[in-house]
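J.: model.pdb is reproduced in full below (PDB, C-alpha atoms and all ligand atoms).
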MODEL        1
ATOM      1  CA  MET A   1     186.429  70.580 -63.232
ATOM      2  CA  ILE A   2     187.286  68.314 -60.323
ATOM      3  CA  ILE A   3     186.157  64.712 -60.813
ATOM      4  CA  VAL A   4     185.522  62.850 -57.579
ATOM      5  CA  ASN A   5     184.809  59.128 -57.350
ATOM      6  CA  ASN A   6     184.558  58.671 -53.621
ATOM      7  CA  ILE A   7     182.718  60.100 -50.658
ATOM      8  CA  LEU A   8     185.813  61.087 -48.604
ATOM      9  CA  ASP A   9     187.188  63.327 -51.368
ATOM     10  CA  LEU A  10     183.747  64.752 -52.013
ATOM     11  CA  ARG A  11     183.270  65.745 -48.375
ATOM     12  CA  ALA A  12     186.812  67.172 -48.120
ATOM     13  CA  THR A  13     186.398  69.385 -51.194
ATOM     14  CA  ILE A  14     182.990  70.644 -50.186
ATOM     15  CA  SER A  15     183.931  71.368 -46.593
ATOM     16  CA  ALA A  16     186.962  73.366 -47.825
ATOM     17  CA  TRP A  17     184.631  75.429 -50.014
ATOM     18  CA  LYS A  18     182.226  75.967 -47.140
ATOM     19  CA  GLN A  19     185.037  77.029 -44.809
ATOM     20  CA  ASN A  20     185.850  79.698 -47.375
ATOM     21  CA  GLY A  21     182.255  80.921 -47.251
ATOM     22  CA  LEU A  22     181.320  79.617 -50.690
ATOM     23  CA  SER A  23     177.773  78.476 -51.434
ATOM     24  CA  VAL A  24     177.144  75.183 -53.208
ATOM     25  CA  ALA A  25     174.443  74.082 -55.647
ATOM     26  CA  LEU A  26     173.796  70.446 -56.562
ATOM     27  CA  ALA A  27     172.276  69.165 -59.804
ATOM     28  CA  PRO A  28     171.703  65.397 -59.457
ATOM     29  CA  THR A  29     171.548  63.492 -62.762
ATOM     30  CA  MET A  30     171.737  59.986 -64.152
ATOM     31  CA  GLY A  31     174.028  61.122 -66.970
ATOM     32  CA  ASN A  32     173.510  60.879 -70.742
ATOM     33  CA  LEU A  33     173.398  64.635 -70.538
ATOM     34  CA  HIS A  34     171.438  66.792 -72.987
ATOM     35  CA  ALA A  35     170.642  70.493 -73.194
ATOM     36  CA  GLY A  36     168.047  70.120 -70.430
ATOM     37  CA  HIS A  37     170.732  68.984 -67.973
ATOM     38  CA  LEU A  38     173.080  71.777 -69.058
ATOM     39  CA  LYS A  39     170.267  74.230 -68.356
ATOM     40  CA  LEU A  40     170.222  72.876 -64.786
ATOM     41  CA  VAL A  41     173.954  73.545 -64.506
ATOM     42  CA  ASN A  42     173.531  77.088 -65.785
ATOM     43  CA  SER A  43     170.635  77.791 -63.436
ATOM     44  CA  ALA A  44     172.721  76.415 -60.566
ATOM     45  CA  LYS A  45     175.640  78.657 -61.518
ATOM     46  CA  GLN A  46     173.446  81.715 -61.238
ATOM     47  CA  LYS A  47     172.462  80.799 -57.685
ATOM     48  CA  ALA A  48     175.665  79.541 -56.054
ATOM     49  CA  ASP A  49     179.445  79.973 -56.037
ATOM     50  CA  LYS A  50     180.165  76.312 -56.750
ATOM     51  CA  VAL A  51     178.200  73.811 -58.829
ATOM     52  CA  VAL A  52     178.299  70.083 -58.160
ATOM     53  CA  VAL A  53     176.785  67.649 -60.663
ATOM     54  CA  SER A  54     176.322  64.017 -59.719
ATOM     55  CA  ILE A  55     176.006  61.246 -62.280
ATOM     56  CA  PHE A  56     174.639  58.051 -60.817
ATOM     57  CA  VAL A  57     172.293  55.631 -62.565
ATOM     58  CA  ASN A  58     170.354  54.771 -59.459
ATOM     59  CA  PRO A  59     169.299  51.087 -59.463
ATOM     60  CA  THR A  60     166.667  51.469 -56.749
ATOM     61  CA  GLN A  61     164.418  53.694 -58.856
ATOM     62  CA  PHE A  62     164.132  51.148 -61.682
ATOM     63  CA  GLY A  63     161.549  48.358 -61.584
ATOM     64  CA  ILE A  64     162.643  44.782 -62.299
ATOM     65  CA  ASN A  65     161.391  44.897 -65.892
ATOM     66  CA  GLU A  66     162.695  48.407 -66.555
ATOM     67  CA  ASP A  67     165.727  49.725 -68.409
ATOM     68  CA  PHE A  68     168.400  49.911 -65.684
ATOM     69  CA  ALA A  69     170.808  47.669 -67.623
ATOM     70  CA  SER A  70     170.273  49.420 -70.958
ATOM     71  CA  TYR A  71     169.989  52.992 -69.599
ATOM     72  CA  PRO A  72     172.418  55.017 -71.758
ATOM     73  CA  ARG A  73     175.789  55.527 -70.035
ATOM     74  CA  THR A  74     177.906  58.142 -71.818
ATOM     75  CA  GLU A  75     180.438  59.141 -69.184
ATOM     76  CA  GLN A  76     183.161  60.531 -71.466
ATOM     77  CA  GLU A  77     180.783  62.758 -73.456
ATOM     78  CA  ASP A  78     179.076  63.859 -70.231
ATOM     79  CA  GLN A  79     182.410  64.893 -68.689
ATOM     80  CA  LEU A  80     183.251  67.027 -71.725
ATOM     81  CA  LYS A  81     179.865  68.729 -71.696
ATOM     82  CA  LEU A  82     180.080  69.507 -67.985
ATOM     83  CA  ALA A  83     183.637  70.833 -68.265
ATOM     84  CA  THR A  84     182.508  73.106 -71.117
ATOM     85  CA  GLU A  85     179.756  74.467 -68.870
ATOM     86  CA  ASN A  86     182.342  75.220 -66.154
ATOM     87  CA  THR A  87     180.938  72.748 -63.661
ATOM     88  CA  ASP A  88     183.109  72.851 -60.528
ATOM     89  CA  LEU A  89     182.823  69.248 -59.395
ATOM     90  CA  LEU A  90     181.536  66.052 -60.947
ATOM     91  CA  PHE A  91     180.642  63.347 -58.439
ATOM     92  CA  LEU A  92     180.724  59.885 -60.001
ATOM     93  CA  PRO A  93     180.085  57.354 -57.246
ATOM     94  CA  THR A  94     179.815  53.599 -57.720
ATOM     95  CA  ILE A  95     176.827  51.582 -56.545
ATOM     96  CA  THR A  96     178.785  50.231 -53.586
ATOM     97  CA  ASP A  97     179.827  53.754 -52.537
ATOM     98  CA  ILE A  98     176.174  54.672 -52.301
ATOM     99  CA  TYR A  99     174.443  51.506 -51.088
ATOM    100  CA  SER A 100     175.970  49.329 -48.427
ATOM    101  CA  ALA A 101     174.783  45.724 -48.468
ATOM    102  CA  ASN A 102     173.342  46.027 -44.954
ATOM    103  CA  ALA A 103     171.381  49.263 -45.472
ATOM    104  CA  LEU A 104     167.942  49.146 -43.865
ATOM    105  CA  THR A 105     166.633  52.662 -44.407
ATOM    106  CA  THR A 106     164.661  54.103 -47.284
ATOM    107  CA  VAL A 107     162.737  57.340 -47.706
ATOM    108  CA  LYS A 108     159.167  57.310 -48.960
ATOM    109  CA  VAL A 109     156.874  60.283 -49.411
ATOM    110  CA  SER A 110     153.538  58.557 -48.802
ATOM    111  CA  GLY A 111     150.591  59.037 -51.110
ATOM    112  CA  LEU A 112     152.401  61.201 -53.642
ATOM    113  CA  SER A 113     154.666  58.281 -54.482
ATOM    114  CA  ASP A 114     151.782  55.950 -55.307
ATOM    115  CA  ILE A 115     149.853  57.996 -57.868
ATOM    116  CA  TYR A 116     150.429  58.786 -61.572
ATOM    117  CA  CYS A 117     153.939  57.518 -62.423
ATOM    118  CA  GLY A 118     154.128  55.906 -58.975
ATOM    119  CA  ALA A 119     151.095  53.738 -59.754
ATOM    120  CA  SER A 120     152.724  52.412 -62.932
ATOM    121  CA  ARG A 121     156.217  52.235 -61.448
ATOM    122  CA  PRO A 122     155.863  50.839 -57.913
ATOM    123  CA  GLY A 123     158.878  51.719 -55.764
ATOM    124  CA  HIS A 124     160.194  54.282 -58.235
ATOM    125  CA  PHE A 125     159.674  57.387 -56.110
ATOM    126  CA  SER A 126     160.950  55.727 -52.973
ATOM    127  CA  GLY A 127     164.126  54.967 -54.938
ATOM    128  CA  VAL A 128     164.283  58.593 -56.063
ATOM    129  CA  ALA A 129     163.598  60.067 -52.610
ATOM    130  CA  THR A 130     166.186  57.777 -51.013
ATOM    131  CA  ILE A 131     168.986  58.591 -53.472
ATOM    132  CA  VAL A 132     168.195  62.309 -53.446
ATOM    133  CA  CYS A 133     168.169  62.342 -49.637
ATOM    134  CA  LYS A 134     171.530  60.538 -49.625
ATOM    135  CA  LEU A 135     173.005  62.968 -52.178
ATOM    136  CA  PHE A 136     171.732  65.875 -50.083
ATOM    137  CA  ASN A 137     173.495  64.403 -47.035
ATOM    138  CA  LEU A 138     176.694  63.736 -48.950
ATOM    139  CA  VAL A 139     176.967  67.093 -50.729
ATOM    140  CA  GLN A 140     175.074  69.257 -48.203
ATOM    141  CA  PRO A 141     174.268  71.842 -50.873
ATOM    142  CA  ASP A 142     172.641  75.197 -50.161
ATOM    143  CA  ILE A 143     170.588  74.839 -53.327
ATOM    144  CA  ALA A 144     169.392  71.814 -55.291
ATOM    145  CA  VAL A 145     168.290  72.053 -58.898
ATOM    146  CA  PHE A 146     165.853  69.710 -60.664
ATOM    147  CA  GLY A 147     164.077  69.804 -64.005
ATOM    148  CA  LEU A 148     160.334  70.405 -63.999
ATOM    149  CA  LYS A 149     159.784  67.862 -66.762
ATOM    150  CA  ASP A 150     159.587  65.363 -63.907
ATOM    151  CA  PHE A 151     156.965  67.452 -62.133
ATOM    152  CA  GLN A 152     155.863  64.616 -59.870
ATOM    153  CA  GLN A 153     159.476  63.893 -58.914
ATOM    154  CA  PHE A 154     159.926  67.599 -58.157
ATOM    155  CA  THR A 155     156.813  67.543 -55.945
ATOM    156  CA  VAL A 156     158.014  64.420 -54.127
ATOM    157  CA  ILE A 157     161.378  66.083 -53.417
ATOM    158  CA  LYS A 158     159.730  69.364 -52.387
ATOM    159  CA  THR A 159     157.565  67.433 -49.920
ATOM    160  CA  MET A 160     160.518  65.427 -48.582
ATOM    161  CA  ILE A 161     162.462  68.655 -47.990
ATOM    162  CA  ARG A 162     159.502  70.122 -46.110
ATOM    163  CA  ASP A 163     158.704  67.024 -44.075
ATOM    164  CA  LEU A 164     162.300  66.212 -43.092
ATOM    165  CA  ASN A 165     163.301  69.872 -42.445
ATOM    166  CA  ILE A 166     166.131  69.624 -44.943
ATOM    167  CA  PRO A 167     167.862  73.040 -45.059
ATOM    168  CA  ILE A 168     168.106  73.247 -48.850
ATOM    169  CA  GLU A 169     166.544  75.709 -51.258
ATOM    170  CA  LEU A 170     164.874  73.828 -54.102
ATOM    171  CA  LEU A 171     164.973  75.280 -57.585
ATOM    172  CA  GLY A 172     162.805  73.956 -60.428
ATOM    173  CA  VAL A 173     164.014  74.582 -63.967
ATOM    174  CA  ASP A 174     161.670  74.750 -66.971
ATOM    175  CA  THR A 175     161.668  71.835 -69.392
ATOM    176  CA  GLN A 176     164.051  72.104 -72.335
ATOM    177  CA  ARG A 177     162.254  71.201 -75.549
ATOM    178  CA  GLU A 178     163.195  70.288 -79.091
ATOM    179  CA  SER A 179     162.047  72.859 -81.680
ATOM    180  CA  ASN A 180     158.980  70.644 -82.339
ATOM    181  CA  GLY A 181     157.956  70.793 -78.652
ATOM    182  CA  LEU A 182     159.158  67.334 -77.587
ATOM    183  CA  ALA A 183     160.510  67.485 -74.022
ATOM    184  CA  MET A 184     164.174  66.514 -73.974
ATOM    185  CA  SER A 185     164.795  63.200 -72.240
ATOM    186  CA  SER A 186     167.526  60.600 -72.302
ATOM    187  CA  ARG A 187     164.817  58.049 -73.114
ATOM    188  CA  ASN A 188     163.961  59.850 -76.391
ATOM    189  CA  ASN A 189     166.933  57.916 -77.800
ATOM    190  CA  TYR A 190     164.764  54.782 -77.626
ATOM    191  CA  LEU A 191     162.231  56.214 -80.121
ATOM    192  CA  THR A 192     162.205  55.008 -83.729
ATOM    193  CA  ASP A 193     162.204  57.649 -86.482
ATOM    194  CA  ILE A 194     158.445  57.328 -86.927
ATOM    195  CA  GLU A 195     157.804  57.508 -83.175
ATOM    196  CA  ARG A 196     160.012  60.597 -82.962
ATOM    197  CA  GLN A 197     157.726  62.334 -85.439
ATOM    198  CA  LEU A 198     154.643  61.418 -83.387
ATOM    199  CA  ALA A 199     156.141  62.136 -79.965
ATOM    200  CA  PRO A 200     155.614  65.953 -79.976
ATOM    201  CA  GLN A 201     151.876  65.297 -80.016
ATOM    202  CA  LEU A 202     152.009  64.572 -76.308
ATOM    203  CA  TYR A 203     152.932  68.202 -75.644
ATOM    204  CA  GLU A 204     150.387  69.326 -78.234
ATOM    205  CA  ALA A 205     147.651  67.463 -76.332
ATOM    206  CA  LEU A 206     148.736  69.226 -73.139
ATOM    207  CA  GLY A 207     148.569  72.584 -74.900
ATOM    208  CA  ILE A 208     145.049  71.858 -76.224
ATOM    209  CA  ALA A 209     143.862  70.902 -72.733
ATOM    210  CA  LYS A 210     145.402  74.051 -71.240
ATOM    211  CA  THR A 211     143.671  76.203 -73.881
ATOM    212  CA  ALA A 212     140.319  74.568 -73.076
ATOM    213  CA  ILE A 213     140.760  75.281 -69.360
ATOM    214  CA  LEU A 214     141.828  78.867 -69.979
ATOM    215  CA  ALA A 215     138.744  79.267 -72.205
ATOM    216  CA  GLY A 216     136.616  78.400 -69.167
ATOM    217  CA  GLN A 217     135.833  74.730 -69.775
ATOM    218  CA  HIS A 218     135.212  73.274 -66.325
ATOM    219  CA  SER A 219     134.587  69.623 -67.057
ATOM    220  CA  TYR A 220     138.127  68.478 -66.399
ATOM    221  CA  ALA A 221     137.125  64.813 -66.693
ATOM    222  CA  THR A 222     135.880  65.452 -70.235
ATOM    223  CA  ILE A 223     139.070  67.289 -71.201
ATOM    224  CA  GLU A 224     141.131  64.391 -69.821
ATOM    225  CA  GLN A 225     139.077  61.797 -71.693
ATOM    226  CA  GLN A 226     139.275  63.710 -74.974
ATOM    227  CA  ALA A 227     143.040  64.105 -74.645
ATOM    228  CA  LYS A 228     143.530  60.384 -73.958
ATOM    229  CA  GLN A 229     141.330  59.486 -76.929
ATOM    230  CA  SER A 230     143.225  61.791 -79.263
ATOM    231  CA  LEU A 231     146.549  60.346 -78.038
ATOM    232  CA  LYS A 232     145.213  56.827 -78.692
ATOM    233  CA  ASN A 233     144.157  57.879 -82.199
ATOM    234  CA  THR A 234     147.715  59.076 -82.828
ATOM    235  CA  GLY A 235     149.234  55.756 -81.799
ATOM    236  CA  PHE A 236     150.075  56.388 -78.122
ATOM    237  CA  THR A 237     149.038  54.118 -75.295
ATOM    238  CA  PRO A 238     148.126  56.687 -72.646
ATOM    239  CA  ASP A 239     148.866  55.870 -69.021
ATOM    240  CA  TYR A 240     147.368  58.997 -67.440
ATOM    241  CA  PHE A 241     146.395  62.497 -68.459
ATOM    242  CA  SER A 242     145.424  64.359 -65.301
ATOM    243  CA  ILE A 243     144.547  67.945 -64.498
ATOM    244  CA  CYS A 244     145.916  68.664 -61.038
ATOM    245  CA  SER A 245     146.661  71.325 -58.470
ATOM    246  CA  SER A 246     150.321  72.209 -59.016
ATOM    247  CA  HIS A 247     150.806  72.503 -55.239
ATOM    248  CA  ASP A 248     150.103  68.911 -54.213
ATOM    249  CA  LEU A 249     149.052  67.104 -57.436
ATOM    250  CA  SER A 250     145.541  66.438 -56.121
ATOM    251  CA  SER A 251     142.840  66.393 -58.834
ATOM    252  CA  ALA A 252     142.066  69.991 -59.738
ATOM    253  CA  THR A 253     138.745  71.486 -58.724
ATOM    254  CA  LYS A 254     137.084  74.673 -59.945
ATOM    255  CA  GLN A 255     138.583  76.454 -56.940
ATOM    256  CA  ASP A 256     142.184  75.695 -57.960
ATOM    257  CA  LYS A 257     144.123  78.506 -59.571
ATOM    258  CA  ASP A 258     147.586  76.958 -59.920
ATOM    259  CA  MET A 259     147.368  73.987 -62.198
ATOM    260  CA  VAL A 260     149.555  71.368 -63.774
ATOM    261  CA  ILE A 261     148.426  68.849 -66.356
ATOM    262  CA  LEU A 262     150.463  65.666 -66.020
ATOM    263  CA  ALA A 263     150.676  63.139 -68.822
ATOM    264  CA  ALA A 264     152.390  59.825 -69.443
ATOM    265  CA  ALA A 265     151.963  57.655 -72.513
ATOM    266  CA  LYS A 266     153.828  54.921 -74.303
ATOM    267  CA  LEU A 267     154.885  55.112 -77.912
ATOM    268  CA  GLY A 268     155.906  51.595 -78.854
ATOM    269  CA  THR A 269     158.022  50.492 -75.898
ATOM    270  CA  THR A 270     159.098  53.986 -74.852
ATOM    271  CA  ARG A 271     157.305  55.664 -71.969
ATOM    272  CA  LEU A 272     157.160  59.438 -72.323
ATOM    273  CA  ILE A 273     156.124  61.900 -69.639
ATOM    274  CA  ASP A 274     155.421  65.590 -69.939
ATOM    275  CA  ASN A 275     153.391  68.330 -68.280
ATOM    276  CA  ILE A 276     152.253  71.887 -68.640
ATOM    277  CA  TYR A 277     151.708  74.243 -65.708
ATOM    278  CA  PHE A 278     149.914  77.571 -65.533
ATOM    279  CA  SER A 279     147.805  79.784 -63.317
ATOM    280  CA  LEU A 280     144.209  80.847 -63.916
TER     281      LEU A 280
HETATM  282  O1  LIG B   1     165.784  62.913 -62.569
HETATM  283  C1  LIG B   1     166.735  62.102 -62.503
HETATM  284  O2  LIG B   1     167.608  62.061 -63.364
HETATM  285  C2  LIG B   1     166.817  61.144 -61.325
HETATM  286  O3  LIG B   1     165.562  60.712 -60.949
HETATM  287  C3  LIG B   1     167.589  61.732 -60.129
HETATM  288  C4  LIG B   1     166.874  62.939 -59.550
HETATM  289  C5  LIG B   1     168.992  62.103 -60.553
HETATM  290  C6  LIG B   1     167.682  60.695 -59.012
HETATM  291  O4  LIG B   1     168.356  59.559 -59.432
ENDMDL
END
What is this file in structure tokens?
T.:
Amino acid sequence: MIIVNNILDLRATISAWKQNGLSVALAPTMGNLHAGHLKLVNSAKQKADKVVVSIFVNPTQFGINEDFASYPRTEQEDQLKLATENTDLLFLPTITDIYSANALTTVKVSGLSDIYCGASRPGHFSGVATIVCKLFNLVQPDIAVFGLKDFQQFTVIKTMIRDLNIPIELLGVDTQRESNGLAMSSRNNYLTDIERQLAPQLYEALGIAKTAILAGQHSYATIEQQAKQSLKNTGFTPDYFSICSSHDLSSATKQDKDMVILAAAKLGTTRLIDNIYFSL
């Protein structure tokens, strides 16, 4: 695995690959890699000749009271895991490589960035869209791979690609779960032992709501309310539990066939997100 710390070397390696007719897939990450990230690498490997993984804890997607400083940084372990998965190139830029002090441009996907997680985390999705757009420009991959656990993030990126005519094929990879159903996330490390036992109930609530919809229950507002109440009873502080169209995340109507249920809730101080998607 080639490890690259600067943009010049990154561009040189990738342009040499491209001159040799090789296709490139990019899996952007913030490190602290778990099996979900390695699944991204494997999916990328099936689609392209060369796989690039970036690790960059992106400051602009964290709010001022969020966990940027304490976000787990496990560079040595991450390098070993990626080498074992036969990653071709690991891009490890510094903050100053990525953001010049006089930068004036950001990317924001309007509307989509202000709902659900965007409502609770103002500026988050603009930070994500901006870094992802920059990584796309730096790596110029043919394919980009993202986990579907962050379904709203995936939709923001899908919309950015469409709106800015970015010539990249986007691949969404199913959420990797623990055997108890808990979606893998670097932030699960923040959970206490007791919270860890409760955490799978977020996915259980999503499954119950999906079953109700598949059984023909049409009062989505009632299903959402019941799910939030049952999460509260378990000890969660729900942020949102929303039944949406999986195409654009608008509130689902009876006419919608492709659905996603998005949920976010806090357990103690840890904010968990998850979703379940299906077609009627
Ligand atoms: O999903 C993540 O880990 C991050 O939001 C991403 C896409 C790497 C951008 O920093």
J.: Can I get the residues of chain A within 10 Å of ligand LIG 1 (chain B), each with the closest pair of atoms and their distance in Å to one decimal, using all atoms listed in the file, sorted chain first then ascending number, as CSV?
T.:
residue,atom,partner,partner_atom,distance
A:Ala27,CA,B:LIG1,C5,7.8
A:Pro28,CA,B:LIG1,C5,4.4
A:Thr29,CA,B:LIG1,C5,3.7
A:Met30,CA,B:LIG1,O2,4.7
A:Gly31,CA,B:LIG1,O2,7.4
A:Asn32,CA,B:LIG1,O2,9.5
A:Leu33,CA,B:LIG1,O2,9.6
A:His37,CA,B:LIG1,O2,8.9
A:Val53,CA,B:LIG1,C5,9.6
A:Ser54,CA,B:LIG1,C5,7.6
A:Ile55,CA,B:LIG1,C5,7.3
A:Phe56,CA,B:LIG1,O4,6.6
A:Val57,CA,B:LIG1,O4,6.4
A:Asn58,CA,B:LIG1,O4,5.2
A:Pro59,CA,B:LIG1,O4,8.5
A:Thr60,CA,B:LIG1,O4,8.7
A:Gln61,CA,B:LIG1,O4,7.1
A:Phe62,CA,B:LIG1,O4,9.7
A:His124,CA,B:LIG1,O3,8.8
A:Phe125,CA,B:LIG1,O3,8.3
A:Gly127,CA,B:LIG1,O4,7.7
A:Val128,CA,B:LIG1,C6,5.0
A:Ala129,CA,B:LIG1,C6,7.6
A:Thr130,CA,B:LIG1,C6,8.6
A:Ile131,CA,B:LIG1,C6,6.1
A:Val132,CA,B:LIG1,C6,5.8
A:Cys133,CA,B:LIG1,C6,9.5
A:Leu135,CA,B:LIG1,C6,9.0
A:Val145,CA,B:LIG1,C4,9.2
A:Phe146,CA,B:LIG1,C4,6.9
A:Gly147,CA,B:LIG1,O1,7.2
A:Leu148,CA,B:LIG1,O1,9.4
A:Lys149,CA,B:LIG1,O1,8.8
A:Asp150,CA,B:LIG1,O1,6.8
A:Phe151,CA,B:LIG1,O1,9.9
A:Gln153,CA,B:LIG1,O3,7.2
A:Phe154,CA,B:LIG1,C4,8.5
A:Ile157,CA,B:LIG1,C4,8.8
A:Ser185,CA,B:LIG1,O2,9.4
A:Ser186,CA,B:LIG1,O2,9.1
J.: Would you write out, as a ChimeraX atom specification, every residue that the PyMOL selection byres (((chain A and resi 196-199) around 9) and not hetatm) captures in this file?
T.: /A:180-182,188,191-195,200-203,234-236,267,272
J.: Have a look at atom CA of Tyr240 of chain A and atom CA of Ala35 of chain A and let me know their distance in Å, one decimal.
T.: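 Separation between atom CA of Tyr240 of chain A and atom CA of Ala35 of chain A: 26.6 Å.
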J.: My list of candidates is A:Tyr99, A:Val156, A:Thr269, A:Val139. Which is closest to Leu249 of chain A when distances are computed with all atoms listed in the file?
T.: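 Among the listed residues, A:Val156 lies closest to Leu249 of chain A.
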J.: When distances are computed from all atoms listed in the file, which of A:Ala12, A:Leu206, A:Leu138, A:Ala144 shows the smallest separation from Pro93 of chain A?
T.: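 Using all atoms listed in the file, the shortest distance to Pro93 of chain A belongs to A:Leu138.
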J.: As an exercise, work out the distance from atom CA of Ser15 of chain A to atom CA of Asp97 of chain A in Å and give it to one decimal place.
T.: 19.0 Å
J.: List as a list in words the protein and nucleic acid residues near Gly36 of chain A, meaning an atom at most 7 Å away when only C-alpha atoms are counted, but skip any in the same chain fewer than 6 places from it.
T.: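 Here the answer would be Thr175, Gln176 and Met184 of chain A.
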J.: Report as AutoDock Vina command-line options the centre and the edge lengths, in Å to one decimal, of the axis-aligned box holding every listed atom of segment 117-121 of chain A, padded by 4 Å on each side.
T.:
--center_x 153.7 --center_y 54.9 --center_z -61.0 --size_x 13.1 --size_y 13.3 --size_z 12.0
J.: Kindly give the distance, in Å, that separates atom CA of Gln217 of chain A and atom CA of Phe278 of chain A, rounded to a single decimal.
T.: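 Rounded to one decimal, the two atoms are 15.0 Å apart.
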J.: Can you give me, as a ChimeraX atom specification, the residues this file yields under the PyMOL selection byres (((chain A and resi 211) around 12) and not hetatm)?
T.: /A:204-210,212-218,223,261,276-280
J.: Applied to this file, what does the PyMOL selection byres (((chain A and resi 50) around 9) and not hetatm) return in terms of residues, put as a PyMOL selection string?
T.: chain A and resi 17+22-26+44-45+47-49+51-52+87-89
J.: Check the smallest atom-to-atom distance from each of A:Asp274, A:Arg177, A:Ala16, A:Tyr116 to Lys39 of chain A using only C-alpha atoms, then report the winner.
T.: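 The closest residue to Lys39 of chain A is A:Arg177.
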J.: Which residue is closest to Asn275 of chain A? Choose from A:Asn20, A:Gln152, A:Thr159, A:Gln79 and count all atoms listed in the file.
T.: A:Gln152
